[in-house]
Each structure stands twice: as structure tokens, then as C-alpha cells.
Amino acid sequence: MYWVTPRHLAGDDGVLAERIGDALVSLGWSMWPTSCHTLLYVSPDNLRGAEWILAAYPFELGGLPVAWQLSARPHANSAMTEWNAYFTTGVPYEALADLLVAIDACEATDTDFGGAETVLNALSAQGWLRDVDRPHTTATDLGLSGCVSLEPMPPLIQDADPRPDLSGWQAWAEPVLGAPYLWCASFSASVPNGLVAAFTSSLASPVPVARYSVPKSAEGRLTVVHRS
């Protein structure tokens, strides 16, 4: 086992489904398989959901298949979700698990989680730098291999707000400039900034994470702190 840093380049160790599934069960969420061969988890109040959708292969972000979709509804009998967040394979499961803890702890209808500064301040507190040209919307790690930015939502990202040209937080890791992405994440426009900050704060954490294997594309960018 390797203890490595930075976290955003550590990958998911091939256990993204299992680790997040365990986290959801520990929070008391219910799970059942669907007819589309996905795994659907629902919070005890039936207002929040998390679905492992890799088998359905709904669409891609940055050329990578979306693996998890998180959502919240304003009330239990609502057919439309208030917001959605999407994560591809390769995302560090610690950051996604911390986001789920934050989602579970808040009211699904809460929307007042501060402005964009909430997200950027969470990254700055962990040593990430604001982009010189876009200091109010974008931050990158010191090695320029990870980025979190407020951008127009990609195609197929669903949100309850019907207005066109909405922006939502996008995050990605690119170990080598111009090479394929390691992972991508997309938050729809209505995701509270406080929840995005929970994800980004964990993502940028300097605390090493344990991995049995590391992404080949990131091998030269990772520091092995300890082996066991």
C-alpha cells in the first residue's frame, strides 16, 4: 500500500463503486438495483439520491464515462430534481465521500450556501492558487494539474433552472498538459456552493491517501509519503 499526495492525482484505486457504496450505507441510505443495471441509493428522507450509473454509460465528461450521479429533490413526490452533480471514474473517492457526508447533513432544499467565494476560499485554504486572469471563478493547484472553475454547463447536465447558458462548477485533473484527463466532475448551476466547497476542500487536502495502485499518467506527479 502507498500513501500518496496530492489527493487529486491519486485516482480511485479501482474501487470507486465499493468505497462510495460503503459510505452511503454507513449514512443509512437505502440501495436497490435498477432495470438499467445501475445501483440507486436514496437518503432516509427520500430527498437525496446517488446512483452508480457506469453500467448504463449515459454520457461522458472530458472523454471519460460518468460513474456517479448525485441529486436532490425539493420534496419527496417531486418528479424533477433540483440539482445534479456528475463524477467520472478516477475521481478520488475521499473527496466524493466527504461531499456525500455534507449532502446528508444539510436540508435538501437549502440553497443559501454562500457565493462563489465559498468554493474558492476552500481551495485557497488548502494552498491552491486563483487564476490570474479569472481570480473570481477559477483556481488551480500549484502543479497546474488540477482545476476547479465556474463554467457554462456542459451538454446533458440537468438542472431545475430552465434558463439557457447557466454556469456551474466544473473540476478536473490533467496530470500532463494536453494528455487525457484523469477524472472530471460537473455540478449543475443550482448545486449550493457550500456543497461544492465540501468536495473541493477534500480534493485539495494535503493529507496523504492510501492506494494499492496509482494512475500511470500521474506517476511522475505523485509523492509517495509512506509504503506499508
# chains A, B, ... in the order shown; residues from 1 in each chain; ligands from 1

$ select_by_dssp --residues "segment 125-216 of chain A" --states "helix (DSSP H, G or I)" --output "PyMOL selection string"
chain A and resi 193-203+216

$ closest_atom_pairs --of "segment 113-150 of chain A" --to "segment 8-24 of chain A" --cutoff "10 Å" --atoms "only C-alpha atoms" --output "CSV"
residue,atom,partner,partner_atom,distance
A:Asp141,CA,A:His8,CA,9.2
A:Ser145,CA,A:Leu9,CA,8.0
A:Gly146,CA,A:His8,CA,6.9
A:Cys147,CA,A:His8,CA,9.6

$ write_last_selection --atoms "all heavy atoms" --output "PDB file, in the first residue's frame"
ATOM      1  N   ASP A 141      -4.176  23.926  -8.726  1.00  0.00           N
ATOM      2  CA  ASP A 141      -3.167  23.512  -7.764  1.00  0.00           C
ATOM      3  C   ASP A 141      -1.811  24.067  -8.178  1.00  0.00           C
ATOM      4  O   ASP A 141      -1.637  24.561  -9.303  1.00  0.00           O
ATOM      5  CB  ASP A 141      -3.124  21.984  -7.665  1.00  0.00           C
ATOM      6  CG  ASP A 141      -2.430  21.355  -8.852  1.00  0.00           C
ATOM      7  OD1 ASP A 141      -2.934  21.497  -9.991  1.00  0.00           O
ATOM      8  OD2 ASP A 141      -1.380  20.731  -8.657  1.00  0.00           O
ATOM      9  N   SER A 145      -1.981  20.834 -12.354  1.00  0.00           N
ATOM     10  CA  SER A 145      -2.513  19.550 -12.825  1.00  0.00           C
ATOM     11  C   SER A 145      -3.956  19.328 -12.418  1.00  0.00           C
ATOM     12  O   SER A 145      -4.563  18.314 -12.772  1.00  0.00           O
ATOM     13  CB  SER A 145      -1.660  18.404 -12.279  1.00  0.00           C
ATOM     14  OG  SER A 145      -1.641  18.426 -10.854  1.00  0.00           O
ATOM     15  N   GLY A 146      -4.526  20.273 -11.675  1.00  0.00           N
ATOM     16  CA  GLY A 146      -5.927  20.194 -11.280  1.00  0.00           C
ATOM     17  C   GLY A 146      -6.562  21.562 -11.361  1.00  0.00           C
ATOM     18  O   GLY A 146      -5.894  22.582 -11.158  1.00  0.00           O
ATOM     19  N   CYS A 147      -7.850  21.612 -11.654  1.00  0.00           N
ATOM     20  CA  CYS A 147      -8.529  22.894 -11.829  1.00  0.00           C
ATOM     21  C   CYS A 147      -9.978  22.779 -11.370  1.00  0.00           C
ATOM     22  O   CYS A 147     -10.634  21.751 -11.583  1.00  0.00           O
ATOM     23  CB  CYS A 147      -8.476  23.334 -13.290  1.00  0.00           C
ATOM     24  SG  CYS A 147      -9.178  24.977 -13.606  1.00  0.00           S
TER      25      CYS A 147
END

$ select_by_dssp --residues "segment 60-111 of chain A" --states "strand (DSSP E)" --output "VMD selection string"
chain A and resid 60 to 61 64 to 72 83 to 88

$ closest_residue --among "A:Ala55, A:Ala95, A:Ala173, A:Leu195" --to "Arg221 of chain A" --atoms "only C-alpha atoms"
A:Ala173

$ closest_residue --among "A:Val25, A:Leu144, A:Cys36, A:Ala189" --to "Pro6 of chain A" --atoms "only C-alpha atoms"
A:Leu144
